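Asker: Please read through the structure below; I'll follow up with questions.
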Amino acid sequence: MKTRRRVRPRFFLFVALGTILIVSIVSFLLRPRMPATASRDPAPSQLSVKSVPHPHAFYTLTPFGLPQPLKNFGLIGIGPGVFAVAGGRTTTGLNGTVYTLTENGAVMDGNLAQPRQNGGLIDLGANPVYIGGVDSQNISQASEEFLSGGKTLSVLPQGLSRFAIAYNGRTTYLVGGEGLAGASPDIYRISEQGQASLWSQLPIALVHPMAEVFQGALYVAGGTTASGAISSTIYRIPLTNGRPEPWAKMPLGLTDGALVLLDHHLWLLGGSTGSHLSNAVWVIDHHTLIPTQSLPVPLAGFATAYFGNAVWILGGQTPQGLSSTIYVLEANH
């Protein structure tokens, strides 16, 4: 007589676990796959701030100043150590006087046909030309005027003011600004012959941005948007393709300051936050902001000029009023 083999309870446990495992694997293999979502452009990274100031900035004063307090005026080099100054706002109104400025001081050198401010000076075939700006009625101008002879011409397709100017050799870039229709996102490229073309457009319209060409790209920082907000974004625009890229974020929004080249770096000088003037000076090293010695006074609406290995900082608006002072900024390691 045969005896029946006893089936132990743990046998059923193993069978149940195996069944669950097989069902899980089959379900996973048969599950419909979701399509991958398109990647978005990365948001600009916040610039990190180094706590140790380096390189160090130091300032001296020229033994002379501008002939009168000025802000938002045009300035351009017209020879080794020689600059032309035109337009701007004085303590009594708009400036129509043209000055020649050297390391020995400034002398009067004619007058604009029409006083203007918030325009700029560009170089057309070794001839300085005042471009854009607003007149005494605060109307943006489209005509340009040679400083020598008072001859006028038309370069811009529309009246424009409060733009930034950056130079790359004999090519000039006009960035943003304000026209009859309001704030502008346009970037114009102007040849030495005075031919202007719409080269690029910023993602947003900006008034009083800061701009400079550095290592094959145009950098545009800050500015006031069409809504009145102060931008903290820095855009990088390769000169090879003209496509703006949000490159970094500043710790705060700034407008009407300056981007300059010094000591093989971009430096961010002064400006306005909208509620107060800034005396901060930052060195931009890749995606790092290096704080250095502040401007002697909070300042906006000033002009800058390269003089040897130094940067001249001329005029501008201070908390106490308009300035005629010229500071010399140098880097020291």
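Scheme for the structure tokens: letters A, B, ... for chains in order shown; per-chain residue numbers from 1; ligand numbers from 1 in order shown.
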List every residue of segment 198-273 of chain A that has an atom at most 9 Å from any atom of segment 168-182 of chain A, and for each one report the closest atom pair and its distance in Å to one decimal, counting only C-alpha atoms, with rows sorted by chain and then by increasing residue number, as a tab-separated table.

Answerer:
```
residue	atom	partner	partner_atom	distance
A:Trp199	CA	A:Tyr173	CA	8.7
A:Gln201	CA	A:Gly176	CA	8.4
A:Leu202	CA	A:Gly176	CA	7.8
A:Ala205	CA	A:Gly176	CA	6.4
A:Leu206	CA	A:Gly176	CA	5.2
A:Val207	CA	A:Gly177	CA	4.4
A:His208	CA	A:Gly177	CA	6.2
A:Pro209	CA	A:Gly176	CA	6.9
A:Met210	CA	A:Val175	CA	8.3
A:Ala211	CA	A:Val175	CA	7.3
A:Glu212	CA	A:Asn168	CA	8.8
A:Val213	CA	A:Asn168	CA	6.4
A:Phe214	CA	A:Asn168	CA	8.9
A:Leu218	CA	A:Tyr173	CA	8.7
A:Val220	CA	A:Val175	CA	7.9
A:Gly223	CA	A:Gly176	CA	8.8
A:Ala226	CA	A:Gly182	CA	7.3
```

Asker: Extract, using only C-alpha atoms, all DNA, RNA and protein residues at most 7 Å from segment 93-108 of chain A, discarding same-chain residues fewer than 3 positions from it, and format them as a PyMOL selection string.

Answerer: chain A and resi 64+66-67+81-90+111-112+114-117+136

Asker: So that I can see what lies close to Ala126 of chain A, please list as an MDAnalysis selection string the residues with an atom at most 10 Å from it, counting only C-alpha atoms and leaving out residues fewer than 2 positions away in the same chain.

Answerer: chainID A and resid 77:79 122:124 128:129 170 192

Asker: Output the selection as a PDB file, in the first residue's frame - C-alpha atoms for each residue.

Answerer:
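The result, written out as part-v9.pdb:
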```
ATOM      1  CA  GLY A  77      38.273 108.359 -29.128  1.00  0.00           C
ATOM      2  CA  ILE A  78      39.427 110.336 -32.176  1.00  0.00           C
ATOM      3  CA  GLY A  79      43.157 109.746 -31.803  1.00  0.00           C
ATOM      4  CA  ILE A 122      30.240 106.700 -33.408  1.00  0.00           C
ATOM      5  CA  ASP A 123      33.113 106.684 -35.880  1.00  0.00           C
ATOM      6  CA  LEU A 124      32.304 106.855 -39.592  1.00  0.00           C
ATOM      7  CA  PRO A 128      32.988 111.353 -35.236  1.00  0.00           C
ATOM      8  CA  VAL A 129      29.221 111.499 -35.660  1.00  0.00           C
ATOM      9  CA  ARG A 170      35.434  99.639 -36.964  1.00  0.00           C
ATOM     10  CA  GLU A 192      32.409 102.246 -41.065  1.00  0.00           C
TER      11      GLU A 192
END
```

Asker: So what do you get for atom CA of Ala229 of chain A versus atom CA of Ala183 of chain A, distance-wise?

Answerer: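 Between atom CA of Ala229 of chain A and atom CA of Ala183 of chain A the gap is 12.0 Å.
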
Asker: Find the residues near segment 303-311 of chain A: any atom within 6 Å, counting only C-alpha atoms, skip ones fewer than 5 places away on the same chain, and give them as number ranges by chain.

Answerer: A: 328-330

Asker: Next, write the just-selected residues to a file, as a CSV table (one decimal), in the first residue's frame, keeping N, CA and C atoms as the atom set.

Answerer:
```csv
chain,number,residue,atom,x,y,z
A,328,VAL,N,40.1,108.0,-12.7
A,328,VAL,CA,40.9,107.0,-13.5
A,328,VAL,C,40.9,105.7,-12.7
A,329,LEU,N,40.4,104.7,-13.3
A,329,LEU,CA,40.3,103.3,-12.7
A,329,LEU,C,41.4,102.4,-13.3
A,330,GLU,N,42.1,101.8,-12.4
A,330,GLU,CA,43.2,100.9,-12.8
A,330,GLU,C,43.0,99.6,-11.9
```

Asker: Write out as a PyMOL selection string each polymer residue whose atoms come within 8 Å of Leu252 of chain A, counting only C-alpha atoms; drop sequence neighbours fewer than 5 positions from it.

Answerer: chain A and resi 231-232+273

Asker: Could you tell me how far atom CA of Gln158 of chain A sits from atom CA of Ile187 of chain A, in Å to one decimal place?

Answerer: 12.7 Å

Asker: Suppose you want the space between atom CA of Thr292 of chain A and atom CA of Thr62 of chain A; what is it in Å?

Answerer: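 Computing it gives 21.1 Å between the two atoms.
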
Asker: Based on DSSP run over this structure's backbone, return all residues of segment 81-254 of chain A in strand (DSSP E), as an MDAnalysis selection string.

Answerer: chainID A and resid 82:86 97:102 105:111 117:124 127:134 143:146 152:154 164:168 171:175 178:179 182:183 186:190 196:201 210:214 217:221 233:238 245:249

Asker: Now that the selection is made, can you save its residues with C-alpha atoms as a compact mmCIF listing (two decimals), in the first residue's frame?

Answerer:
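Done, and the output landed in again-v3.txt:
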```
# COMPACT_ATOMS: atom_id res chain seq x y z
CA VAL A 82 42.24 112.34 -27.71
CA PHE A 83 38.47 112.16 -27.23
CA ALA A 84 35.42 114.00 -28.52
CA VAL A 85 32.61 114.86 -26.08
CA ALA A 86 29.18 116.03 -27.26
CA THR A 97 28.72 122.15 -27.09
CA VAL A 98 31.37 119.85 -28.55
CA TYR A 99 34.63 119.45 -26.61
CA THR A 100 37.98 117.89 -27.40
CA LEU A 101 39.43 116.13 -24.38
CA THR A 102 43.06 115.11 -23.78
CA GLY A 105 42.16 119.05 -20.25
CA ALA A 106 39.15 119.92 -22.40
CA VAL A 107 38.70 122.70 -24.95
CA MET A 108 35.57 123.82 -26.79
CA ASP A 109 35.51 122.62 -30.39
CA GLY A 110 32.19 123.70 -31.89
CA ASN A 111 28.49 123.13 -31.35
CA GLN A 117 21.13 114.00 -24.72
CA ASN A 118 20.95 110.20 -24.44
CA GLY A 119 22.50 109.70 -27.85
CA GLY A 120 26.04 108.66 -28.62
CA LEU A 121 29.14 109.17 -30.74
CA ILE A 122 30.24 106.70 -33.41
CA ASP A 123 33.11 106.68 -35.88
CA LEU A 124 32.30 106.86 -39.59
CA ASN A 127 34.80 111.20 -38.60
CA PRO A 128 32.99 111.35 -35.24
CA VAL A 129 29.22 111.50 -35.66
CA TYR A 130 26.59 112.18 -33.00
CA ILE A 131 23.80 109.63 -33.46
CA GLY A 132 20.27 109.49 -32.09
CA GLY A 133 19.37 111.05 -28.74
CA VAL A 134 16.46 113.23 -27.68
CA SER A 143 19.24 112.11 -37.91
CA GLU A 144 22.98 112.01 -37.31
CA GLU A 145 25.38 114.93 -37.31
CA PHE A 146 29.07 115.07 -38.15
CA THR A 152 23.76 115.64 -41.23
CA LEU A 153 22.91 112.21 -42.60
CA SER A 154 20.52 109.38 -41.88
CA ALA A 164 24.17 101.23 -25.38
CA ILE A 165 27.10 101.41 -27.77
CA ALA A 166 29.79 98.75 -28.16
CA TYR A 167 32.65 98.71 -30.65
CA ASN A 168 34.40 95.83 -32.40
CA THR A 171 32.03 98.03 -36.48
CA THR A 172 29.60 99.66 -34.04
CA TYR A 173 26.74 97.94 -32.24
CA LEU A 174 23.75 99.94 -30.98
CA VAL A 175 21.89 97.94 -28.34
CA GLU A 178 13.91 103.85 -26.80
CA GLY A 179 12.15 104.98 -29.97
CA GLY A 182 8.74 102.76 -26.80
CA ALA A 183 11.51 100.49 -25.57
CA ASP A 186 16.79 95.73 -31.55
CA ILE A 187 20.54 95.54 -32.00
CA TYR A 188 21.88 97.44 -35.01
CA ARG A 189 25.26 96.86 -36.60
CA ILE A 190 26.73 99.94 -38.24
CA ALA A 196 23.04 100.21 -40.44
CA SER A 197 21.44 96.78 -40.44
CA LEU A 198 19.24 95.02 -37.90
CA TRP A 199 21.72 92.42 -36.66
CA SER A 200 19.89 90.80 -33.75
CA GLN A 201 17.04 91.21 -31.27
CA MET A 210 25.15 98.13 -20.68
CA ALA A 211 27.14 96.50 -23.48
CA GLU A 212 30.68 95.52 -24.45
CA VAL A 213 32.39 93.16 -26.90
CA PHE A 214 34.57 90.50 -25.23
CA ALA A 217 30.73 87.93 -28.25
CA LEU A 218 28.61 90.95 -27.42
CA TYR A 219 27.62 91.03 -23.75
CA VAL A 220 24.51 92.97 -22.73
CA ALA A 221 23.78 93.51 -19.04
CA THR A 233 20.08 89.32 -16.83
CA ILE A 234 23.34 89.26 -18.76
CA TYR A 235 22.98 88.13 -22.39
CA ARG A 236 25.82 86.73 -24.48
CA ILE A 237 25.51 87.13 -28.25
CA PRO A 238 28.19 85.43 -30.38
CA GLU A 245 21.73 83.56 -25.02
CA PRO A 246 20.71 84.33 -21.42
CA TRP A 247 24.17 83.89 -19.94
CA ALA A 248 23.91 84.77 -16.25
CA LYS A 249 21.94 86.61 -13.58
```

Asker: Point out the residue among A:Gln137, A:His265, A:Ile230, A:Gln320 with the least atom-to-atom distance to Met250 of chain A, counting only C-alpha atoms.

Answerer: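 Nearest to Met250 of chain A: A:Ile230.
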